[in-house]
>>> print(open('input33.txt').read())   # compact mmCIF, C-alpha atoms and all ligand atoms
# COMPACT_ATOMS: atom_id res chain seq x y z
CA MET A 28 12.97 -12.27 -28.67
CA PHE A 29 12.03 -10.50 -31.88
CA LEU A 30 8.69 -9.56 -30.42
CA GLN A 31 10.37 -8.28 -27.26
CA LYS A 32 12.63 -6.05 -29.36
CA ILE A 33 9.69 -4.64 -31.30
CA GLU A 34 7.88 -4.14 -28.05
CA LYS A 35 10.85 -2.29 -26.56
CA LEU A 36 11.26 -0.09 -29.61
CA PHE A 37 7.59 0.68 -29.56
CA LEU A 38 7.69 1.47 -25.87
CA ASP A 39 10.80 3.66 -26.16
CA GLU A 40 9.35 5.57 -29.05
CA MET A 41 5.99 6.11 -27.48
CA PHE A 42 7.58 7.10 -24.23
CA TYR A 43 9.90 9.51 -26.01
CA LEU A 44 7.14 11.06 -28.05
CA ASN A 45 4.45 11.04 -25.46
CA PRO A 46 5.74 11.13 -21.91
CA GLN A 47 2.25 11.86 -20.72
CA PHE A 48 1.08 8.49 -22.04
CA LYS A 49 0.57 5.51 -19.79
CA TYR A 50 1.13 2.01 -21.14
CA ILE A 51 -0.99 -1.01 -20.41
CA ARG A 52 0.63 -4.33 -21.34
CA ILE A 53 -1.79 -7.23 -21.41
CA TYR A 54 -0.99 -10.92 -21.85
CA ARG A 55 -2.87 -12.53 -24.71
CA TRP A 56 -3.32 -16.12 -25.78
CA SER A 57 -6.00 -17.91 -27.73
CA SER A 58 -6.27 -21.58 -28.62
CA PHE A 59 -7.83 -20.48 -31.92
CA LYS A 60 -4.60 -18.82 -33.01
CA ASN A 61 -1.71 -21.04 -33.84
CA SER A 62 0.83 -18.93 -31.99
CA ASN A 63 2.68 -18.48 -28.74
CA PRO A 64 1.29 -16.04 -26.18
CA TRP A 65 1.92 -12.39 -26.96
CA PHE A 66 1.52 -9.00 -25.32
CA ASN A 67 -0.73 -6.21 -26.46
CA ILE A 68 0.57 -2.80 -25.50
CA PHE A 69 -2.08 -0.16 -25.24
CA PRO A 70 -0.89 3.42 -24.89
CA THR A 71 -3.52 5.43 -23.13
CA ARG A 72 -3.99 8.99 -21.98
CA LEU A 73 -5.28 8.88 -18.48
CA ASN A 74 -6.39 11.96 -16.71
CA LEU A 75 -4.67 12.37 -13.39
CA LYS A 76 -7.37 10.58 -11.45
CA PRO A 77 -6.44 7.11 -10.17
CA THR A 78 -8.32 4.50 -12.21
CA MET A 79 -9.41 0.98 -11.30
CA VAL A 80 -7.60 -1.70 -13.27
CA LEU A 81 -10.87 -3.38 -14.23
CA ASP A 82 -12.08 -0.12 -15.78
CA LEU A 83 -8.84 0.07 -17.74
CA THR A 84 -9.25 -3.45 -19.13
CA PHE A 85 -12.77 -2.48 -20.19
CA LYS A 86 -11.39 0.63 -21.84
CA MET A 87 -8.87 -1.46 -23.79
CA LYS A 88 -11.54 -3.95 -24.82
CA ASN A 89 -14.10 -1.33 -25.84
CA ASN A 90 -11.70 1.02 -27.65
CA TYR A 91 -8.93 -1.19 -29.09
CA ASP A 92 -9.63 -4.90 -29.19
CA SER A 93 -13.01 -6.40 -28.48
CA SER A 94 -11.54 -9.92 -28.46
CA LEU A 95 -9.68 -9.24 -25.18
CA THR A 96 -11.15 -11.70 -22.68
CA PHE A 97 -11.34 -11.49 -18.90
CA ARG A 98 -13.76 -12.52 -16.18
CA ARG A 99 -15.68 -10.09 -14.03
CA SER A 100 -19.10 -9.81 -12.51
CA CYS A 101 -19.73 -7.70 -9.41
CA ARG A 102 -17.13 -4.90 -9.84
CA GLU A 103 -16.98 -4.61 -6.04
CA GLY A 104 -14.66 -7.30 -4.71
CA ILE A 105 -17.47 -9.73 -3.92
CA CYS A 106 -17.70 -12.33 -6.68
CA GLY A 107 -13.97 -13.13 -6.87
CA SER A 108 -13.97 -13.53 -10.64
CA CYS A 109 -11.65 -10.70 -11.78
CA SER A 110 -8.46 -12.04 -10.14
CA MET A 111 -5.34 -11.42 -12.27
CA ASN A 112 -1.65 -10.84 -11.82
CA ILE A 113 -1.29 -7.06 -11.79
CA ASN A 114 2.23 -5.65 -11.87
CA GLY A 115 3.55 -8.88 -10.38
CA LYS A 116 0.96 -9.38 -7.65
CA ASN A 117 -2.20 -11.46 -7.71
CA ALA A 118 -5.15 -9.20 -7.01
CA LEU A 119 -8.72 -8.38 -7.90
CA ALA A 120 -8.78 -5.96 -10.85
CA CYS A 121 -11.89 -4.25 -9.51
CA LEU A 122 -10.14 -3.37 -6.23
CA SER A 123 -6.73 -2.47 -7.72
CA VAL A 124 -5.92 1.11 -8.58
CA MET A 125 -3.58 2.44 -11.21
CA ASN A 126 -2.37 5.84 -10.12
CA PRO A 127 -1.16 7.67 -13.25
CA LYS A 128 0.82 10.12 -11.13
CA THR A 129 3.12 7.41 -9.86
CA LEU A 130 2.86 4.63 -12.45
CA GLN A 131 3.87 4.76 -16.11
CA PHE A 132 3.34 1.08 -16.92
CA LEU A 133 0.80 -1.49 -15.98
CA THR A 134 1.43 -5.15 -16.81
CA ILE A 135 -1.38 -7.65 -16.52
CA TYR A 136 -1.00 -11.41 -16.68
CA PRO A 137 -3.55 -14.09 -15.84
CA LEU A 138 -3.14 -15.85 -12.47
CA PRO A 139 0.24 -17.61 -12.62
CA HIS A 140 0.78 -21.35 -12.95
CA MET A 141 -2.77 -22.01 -14.09
CA PHE A 142 -3.87 -23.47 -17.41
CA ILE A 143 -5.31 -20.70 -19.55
CA VAL A 144 -8.63 -20.78 -21.32
CA LYS A 145 -8.04 -17.48 -23.15
CA ASP A 146 -6.16 -14.24 -22.44
CA LEU A 147 -6.72 -13.41 -18.76
CA VAL A 148 -9.09 -16.29 -18.04
CA PRO A 149 -7.54 -19.19 -16.09
CA ASP A 150 -9.04 -22.66 -16.05
CA LEU A 151 -10.36 -23.12 -12.50
CA THR A 152 -11.71 -26.66 -13.00
CA ASN A 153 -9.13 -28.22 -10.67
CA PHE A 154 -9.67 -25.46 -8.09
CA TYR A 155 -13.43 -26.06 -7.98
CA ASN A 156 -13.08 -29.84 -8.04
CA GLN A 157 -10.94 -29.48 -4.91
CA TYR A 158 -13.65 -27.27 -3.42
CA LYS A 159 -16.15 -30.12 -3.90
CA LEU A 160 -13.76 -32.51 -2.16
CA ILE A 161 -13.78 -30.58 1.11
CA LYS A 162 -17.62 -30.79 1.21
CA PRO A 163 -18.38 -27.10 1.69
CA TRP A 164 -21.76 -27.49 3.34
CA LYS A 165 -23.07 -28.05 6.84
CA MET A 166 -23.34 -31.70 7.83
CA SER A 167 -25.35 -31.90 10.99
CA ASN A 168 -26.58 -34.95 12.89
CA LEU A 169 -29.43 -32.89 14.35
CA ASN A 170 -32.96 -32.65 12.94
CA THR A 171 -32.73 -35.51 10.52
CA ASP A 172 -36.53 -35.63 10.61
CA LYS A 173 -37.41 -32.93 8.08
CA SER A 174 -40.91 -32.45 9.50
CA LYS A 175 -39.30 -31.27 12.76
CA MET A 176 -36.70 -29.01 11.18
CA ASN A 177 -35.87 -26.06 13.37
CA GLU A 178 -33.45 -23.22 12.97
CA VAL A 179 -29.95 -24.23 14.13
CA THR A 180 -28.57 -21.33 16.09
CA GLN A 181 -25.08 -20.36 17.19
CA SER A 182 -23.82 -18.50 20.22
CA LYS A 183 -22.07 -15.20 19.54
CA MET A 184 -18.76 -16.78 20.56
CA ASP A 185 -19.25 -19.65 18.12
CA ARG A 186 -20.09 -17.17 15.40
CA TYR A 187 -16.87 -15.22 16.07
CA GLU A 188 -14.93 -18.40 15.23
CA LEU A 189 -15.90 -17.88 11.60
CA ASP A 190 -14.48 -14.37 11.35
CA GLY A 191 -11.49 -14.25 9.05
CA LEU A 192 -12.81 -17.38 7.29
CA TYR A 193 -16.29 -16.72 5.96
CA GLU A 194 -15.01 -13.66 4.04
CA CYS A 195 -13.17 -15.86 1.51
CA ILE A 196 -14.65 -15.30 -1.97
CA LEU A 197 -12.72 -18.12 -3.70
CA CYS A 198 -10.86 -15.75 -6.00
CA ALA A 199 -7.84 -18.14 -6.11
CA CYS A 200 -5.32 -15.28 -5.68
CA CYS A 201 -3.75 -17.12 -2.72
CA SER A 202 -3.52 -20.56 -4.32
CA ALA A 203 -2.05 -19.07 -7.50
CA SER A 204 0.67 -17.36 -5.46
CA CYS A 205 1.63 -20.49 -3.49
CA PRO A 206 4.79 -22.24 -4.81
CA SER A 207 3.70 -25.56 -3.29
CA TYR A 208 0.40 -25.33 -5.14
CA TRP A 209 2.17 -24.42 -8.40
CA TRP A 210 4.07 -27.71 -8.38
CA ASN A 211 1.47 -29.95 -6.72
CA TYR A 212 -1.84 -28.45 -7.80
CA ASP A 213 -3.35 -31.92 -8.38
CA LYS A 214 -2.46 -33.26 -4.90
CA TYR A 215 -1.99 -30.36 -2.48
CA LEU A 216 -5.28 -28.62 -1.60
CA GLY A 217 -3.70 -25.16 -1.47
CA PRO A 218 -4.38 -22.25 0.88
CA ALA A 219 -7.90 -21.39 -0.33
CA MET A 220 -9.28 -24.93 0.07
CA LEU A 221 -7.54 -25.53 3.39
CA LEU A 222 -9.01 -22.28 4.70
CA GLN A 223 -12.43 -23.41 3.49
CA ALA A 224 -11.97 -26.86 5.05
CA TYR A 225 -11.10 -25.23 8.37
CA ARG A 226 -14.10 -22.89 8.09
CA TRP A 227 -16.43 -25.93 8.15
CA MET A 228 -14.46 -27.75 10.85
CA VAL A 229 -14.85 -24.93 13.36
CA ASP A 230 -18.49 -24.23 12.57
CA SER A 231 -20.37 -25.20 15.73
CA ARG A 232 -23.37 -26.32 13.61
CA ASP A 233 -21.33 -28.92 11.75
CA HIS A 234 -20.86 -32.40 13.22
CA ASN A 235 -18.50 -33.95 10.78
CA PHE A 236 -15.21 -32.93 12.36
CA ASN A 237 -13.55 -36.35 12.29
CA GLU A 238 -14.31 -37.00 8.63
CA ARG A 239 -13.11 -33.52 7.70
CA THR A 240 -9.80 -33.83 9.57
CA GLY A 241 -9.40 -37.38 8.27
CA PHE A 242 -9.70 -36.11 4.72
CA THR A 243 -7.17 -33.29 5.07
CA ASP A 244 -4.72 -35.36 7.17
CA ASN A 245 -2.80 -36.59 4.20
CA LYS A 246 0.83 -36.41 3.14
CA THR A 247 0.22 -34.11 0.22
CA ARG A 248 -3.19 -32.51 0.86
CA ILE A 249 -1.87 -30.35 3.71
CA ASP A 250 1.77 -31.18 4.44
CA LYS A 251 3.03 -29.38 1.34
CA CYS A 252 2.43 -26.06 3.12
CA HIS A 253 5.77 -24.70 4.29
CA SER A 254 4.43 -21.54 5.97
CA ILE A 255 6.09 -19.13 3.56
CA ALA A 256 2.95 -16.94 3.67
CA ASN A 257 2.90 -15.77 0.05
CA CYS A 258 -0.82 -16.48 0.27
CA VAL A 259 -1.36 -13.98 3.10
CA LYS A 260 0.15 -11.08 1.15
CA VAL A 261 -2.30 -11.33 -1.72
CA CYS A 262 -5.65 -12.08 -0.10
CA PRO A 263 -8.01 -9.21 -1.00
CA LYS A 264 -10.25 -10.09 1.93
CA LYS A 265 -7.41 -9.94 4.46
CA THR A 266 -7.74 -13.54 5.57
CA ASN A 267 -4.68 -15.40 6.84
CA PRO A 268 -4.46 -18.84 5.19
CA THR A 269 -1.02 -19.57 6.69
CA LYS A 270 -2.25 -19.14 10.25
CA THR A 271 -5.37 -21.14 9.41
CA ILE A 272 -3.34 -24.01 7.95
CA ASN A 273 -1.18 -24.10 11.07
CA LEU A 274 -4.30 -24.24 13.26
CA LEU A 275 -5.63 -26.97 11.02
CA LYS A 276 -2.43 -28.97 11.45
CA TYR A 277 -2.75 -28.51 15.20
CA TYR A 278 -6.34 -29.80 15.18
CA ILE A 279 -5.28 -32.78 13.12
CA SER A 280 -2.41 -33.67 15.44
CA ALA A 281 -4.61 -33.22 18.54
CA ASN A 282 -7.48 -35.04 16.77
CA THR A 283 -10.08 -33.01 18.64
CA LYS A 284 -12.07 -29.81 18.33
CA PHE A 285 -11.24 -27.28 21.06
S1 LIG A 301 2.04 -20.55 3.62
FE1 LIG A 301 1.52 -22.54 2.77
S2 LIG A 301 -0.31 -22.16 1.59
FE2 LIG A 301 0.61 -20.14 1.96
S3 LIG A 301 1.92 -19.77 0.18
FE3 LIG A 301 3.18 -20.78 1.70
S4 LIG A 301 3.10 -22.98 1.24
FE4 LIG A 301 1.41 -21.95 0.16
S1 LIG A 302 -8.37 -16.86 1.01
FE1 LIG A 302 -8.36 -14.79 0.14
S2 LIG A 302 -7.05 -14.96 -1.67
FE2 LIG A 302 -7.61 -17.02 -1.09
S3 LIG A 302 -9.40 -17.52 -2.33
FE3 LIG A 302 -10.14 -16.72 -0.36
S4 LIG A 302 -10.41 -14.54 -0.70
FE4 LIG A 302 -9.16 -15.27 -2.38
S1 LIG A 303 -15.58 -8.23 -10.47
FE1 LIG A 303 -16.25 -9.34 -8.70
S2 LIG A 303 -14.48 -9.38 -7.45
FE2 LIG A 303 -13.88 -8.14 -9.12
>>> encode(input="input33.txt", output="structure tokens")
Amino acid sequence: MFLQKIEKLFLDEMFYLNPQFKYIRIYRWSSFKNSNPWFNIFPTRLNLKPTMVLDLTFKMKNNYDSSLTFRRSCREGICGSCSMNINGKNALACLSVMNPKTLQFLTIYPLPHMFIVKDLVPDLTNFYNQYKLIKPWKMSNLNTDKSKMNEVTQSKMDRYELDGLYECILCACCSASCPSYWWNYDKYLGPAMLLQAYRWMVDSRDHNFNERTGFTDNKTRIDKCHSIANCVKVCPKKTNPTKTINLLKYYISANTKF
């Protein structure tokens, strides 16, 4: 409460004195400090060009506090590592724009309902353990003799089945926006993993359909999805996990690949 008051005073004053300033509020927490999480507020003068949020976090780290920690790698929406909660929405920082003409404040949290390693870095151990569980690799009963290995081809139609699925970059934005996953992260697979599970089920080169459906057909692994579609709104790759989960449920109930 005290900190919030200080923060408000600081904000009011800075705003009053410098209306041309923009304010970046960033969530901070470190296990090395014996304290509750806190916010750093960085006033910054932006020129009127829209700026990518990832560039802003770099600016804050390079100019104000080098201990600010966040993940990033590709800077182009490909690696999926810079996912954060930006002004209330999970998104990739490298694809999110702050437009100084329309926005005075930018608030950045780590992905919600995740354990935090430091600052904006969530602990994705559970997320990746779940990824292992769905066996994200092709399991074919063809060409078991390695000396006779040939290329396994797909028809164009079979390849189209993977559109809207293969684009997933495992950024975890969807799972971290799913209320069912928040409360059942250790049992429910969540939208990202169910989309990945479906991606391998419909791959014409994979022959492990029954095992894959058998694994996901479980009271908590899939049934916790209530089709609220929070996950769809945040996916930076425009996939549709809700639709995919419903198709997956349909496959499971029909127990066959169409
Ligand atoms: S539709 Fe399902 S997976 Fe997506 S947010 Fe809602 S409960 Fe979670
Ligand atoms: S489905 Fe979209 S939001 Fe979810 S992990 Fe994949 S890319 Fe990220
Ligand atoms: S840095 Fe790779 S997706 Fe943002």
>>> residues_around(input="input33.txt", residues="A:Ser280", least_positions_apart="6", cutoff="12 Å", atoms="only C-alpha atoms", output="ChimeraX atom specification")
/A:237,240-241,243-245,273-274
>>> write_last_selection(input="input33.txt", atoms="C-alpha atoms", output="compact mmCIF listing (two decimals), in the coordinates of the input")
# COMPACT_ATOMS: atom_id res chain seq x y z
CA ASN A 237 -13.55 -36.35 12.29
CA THR A 240 -9.80 -33.83 9.57
CA GLY A 241 -9.40 -37.38 8.27
CA THR A 243 -7.17 -33.29 5.07
CA ASP A 244 -4.72 -35.36 7.17
CA ASN A 245 -2.80 -36.59 4.20
CA ASN A 273 -1.18 -24.10 11.07
CA LEU A 274 -4.30 -24.24 13.26
>>> residues_around(input="input33.txt", residues="A:Tyr54", least_positions_apart="5", cutoff="7 Å", atoms="all atoms listed in the file", output="NGL selection string")
:A and (65-67 or 135-136 or 146-147)
>>> residues_near_ligand(input="input33.txt", ligand="ligand LIG 303 (chain A)", cutoff="12 Å", atoms="all atoms listed in the file", output="PDB file with C-alpha atoms, in the frame of the given file")
ATOM      1  CA  MET A  79      -9.410   0.980 -11.300  1.00  0.00           C
ATOM      2  CA  VAL A  80      -7.600  -1.700 -13.270  1.00  0.00           C
ATOM      3  CA  LEU A  81     -10.870  -3.380 -14.230  1.00  0.00           C
ATOM      4  CA  ASP A  82     -12.080  -0.120 -15.780  1.00  0.00           C
ATOM      5  CA  THR A  84      -9.250  -3.450 -19.130  1.00  0.00           C
ATOM      6  CA  PHE A  85     -12.770  -2.480 -20.190  1.00  0.00           C
ATOM      7  CA  PHE A  97     -11.340 -11.490 -18.900  1.00  0.00           C
ATOM      8  CA  ARG A  98     -13.760 -12.520 -16.180  1.00  0.00           C
ATOM      9  CA  ARG A  99     -15.680 -10.090 -14.030  1.00  0.00           C
ATOM     10  CA  SER A 100     -19.100  -9.810 -12.510  1.00  0.00           C
ATOM     11  CA  CYS A 101     -19.730  -7.700  -9.410  1.00  0.00           C
ATOM     12  CA  ARG A 102     -17.130  -4.900  -9.840  1.00  0.00           C
ATOM     13  CA  GLU A 103     -16.980  -4.610  -6.040  1.00  0.00           C
ATOM     14  CA  GLY A 104     -14.660  -7.300  -4.710  1.00  0.00           C
ATOM     15  CA  ILE A 105     -17.470  -9.730  -3.920  1.00  0.00           C
ATOM     16  CA  CYS A 106     -17.700 -12.330  -6.680  1.00  0.00           C
ATOM     17  CA  GLY A 107     -13.970 -13.130  -6.870  1.00  0.00           C
ATOM     18  CA  SER A 108     -13.970 -13.530 -10.640  1.00  0.00           C
ATOM     19  CA  CYS A 109     -11.650 -10.700 -11.780  1.00  0.00           C
ATOM     20  CA  SER A 110      -8.460 -12.040 -10.140  1.00  0.00           C
ATOM     21  CA  MET A 111      -5.340 -11.420 -12.270  1.00  0.00           C
ATOM     22  CA  ALA A 118      -5.150  -9.200  -7.010  1.00  0.00           C
ATOM     23  CA  LEU A 119      -8.720  -8.380  -7.900  1.00  0.00           C
ATOM     24  CA  ALA A 120      -8.780  -5.960 -10.850  1.00  0.00           C
ATOM     25  CA  CYS A 121     -11.890  -4.250  -9.510  1.00  0.00           C
ATOM     26  CA  LEU A 122     -10.140  -3.370  -6.230  1.00  0.00           C
ATOM     27  CA  SER A 123      -6.730  -2.470  -7.720  1.00  0.00           C
ATOM     28  CA  CYS A 195     -13.170 -15.860   1.510  1.00  0.00           C
ATOM     29  CA  ILE A 196     -14.650 -15.300  -1.970  1.00  0.00           C
ATOM     30  CA  LEU A 197     -12.720 -18.120  -3.700  1.00  0.00           C
ATOM     31  CA  CYS A 198     -10.860 -15.750  -6.000  1.00  0.00           C
ATOM     32  CA  ALA A 199      -7.840 -18.140  -6.110  1.00  0.00           C
ATOM     33  CA  CYS A 200      -5.320 -15.280  -5.680  1.00  0.00           C
ATOM     34  CA  CYS A 262      -5.650 -12.080  -0.100  1.00  0.00           C
ATOM     35  CA  PRO A 263      -8.010  -9.210  -1.000  1.00  0.00           C
ATOM     36  CA  LYS A 264     -10.250 -10.090   1.930  1.00  0.00           C
TER      37      LYS A 264
END
>>> atom_distance(input="input33.txt", atom1="atom CA of A:Lys159", atom2="atom CA of A:Leu216")
11.2 Å
>>> residues_near_ligand(input="input33.txt", ligand="ligand LIG 301 (chain A)", cutoff="12 Å", atoms="all atoms listed in the file", output="PyMOL selection string")
chain A and resi 199-212+215-222+247-262+266-273+275-276
>>> closest_residue(input="input33.txt", among="A:Asn126, A:Gln223, A:Gln181, A:Asn89", to="ligand LIG 302 (chain A)", atoms="all atoms listed in the file")
A:Gln223
>>> closest_residue(input="input33.txt", among="A:Lys116, A:Arg72, A:Arg55, A:Arg239", to="ligand LIG 302 (chain A)", atoms="all atoms listed in the file")
A:Lys116
>>> closest_residue(input="input33.txt", among="A:Lys183, A:Asn177, A:Pro163, A:Ser93", to="A:Met228", atoms="only C-alpha atoms")
A:Pro163
>>> atom_distance(input="input33.txt", atom1="atom CA of A:Lys76", atom2="atom CA of A:Asp92")
23.7 Å
>>> closest_residue(input="input33.txt", among="A:Pro70, A:Pro139, A:Gly191, A:Gly115", to="ligand LIG 302 (chain A)", atoms="only C-alpha atoms and all ligand atoms")
A:Gly191
>>> closest_residue(input="input33.txt", among="A:Leu130, A:Lys145, A:Tyr277, A:Asp150", to="A:Lys60", atoms="only C-alpha atoms")
A:Lys145
>>> closest_residue(input="input33.txt", among="A:Leu192, A:Leu133, A:Ile143, A:Met166", to="ligand LIG 302 (chain A)", atoms="all atoms listed in the file")
A:Leu192
>>> axis_aligned_box(input="input33.txt", around="ligand LIG 302 (chain A)", padding_each_side="3 Å", output="AutoDock Vina command-line options")
--center_x -8.7 --center_y -16.0 --center_z -0.7 --size_x 9.4 --size_y 9.0 --size_z 9.4
>>> residues_around(input="input33.txt", residues="A:Pro149", least_positions_apart="5", cutoff="7 Å", atoms="only C-alpha atoms", output="short mmCIF file (atom, residue, chain, number, x, y, z; two decimals) with C-alpha atoms, keeping the file's coordinate frame")
data_model
loop_
_atom_site.label_atom_id
_atom_site.label_comp_id
_atom_site.auth_asym_id
_atom_site.auth_seq_id
_atom_site.Cartn_x
_atom_site.Cartn_y
_atom_site.Cartn_z
CA PRO A 137 -3.55 -14.09 -15.84
CA LEU A 138 -3.14 -15.85 -12.47
CA MET A 141 -2.77 -22.01 -14.09
CA PHE A 142 -3.87 -23.47 -17.41
CA ILE A 143 -5.31 -20.70 -19.55
CA VAL A 144 -8.63 -20.78 -21.32
#
>>> atom_distance(input="input33.txt", atom1="atom CA of A:Gln157", atom2="atom CA of A:Glu188")
23.3 Å
>>> residues_around(input="input33.txt", residues="A:Thr134", least_positions_apart="2", cutoff="7 Å", atoms="all atoms listed in the file", output="count of residues only")
7
>>> residues_around(input="input33.txt", residues="A:Lys128", least_positions_apart="3", cutoff="10 Å", atoms="all atoms listed in the file", output="ChimeraX atom specification")
/A:47,49,73-77,125,131
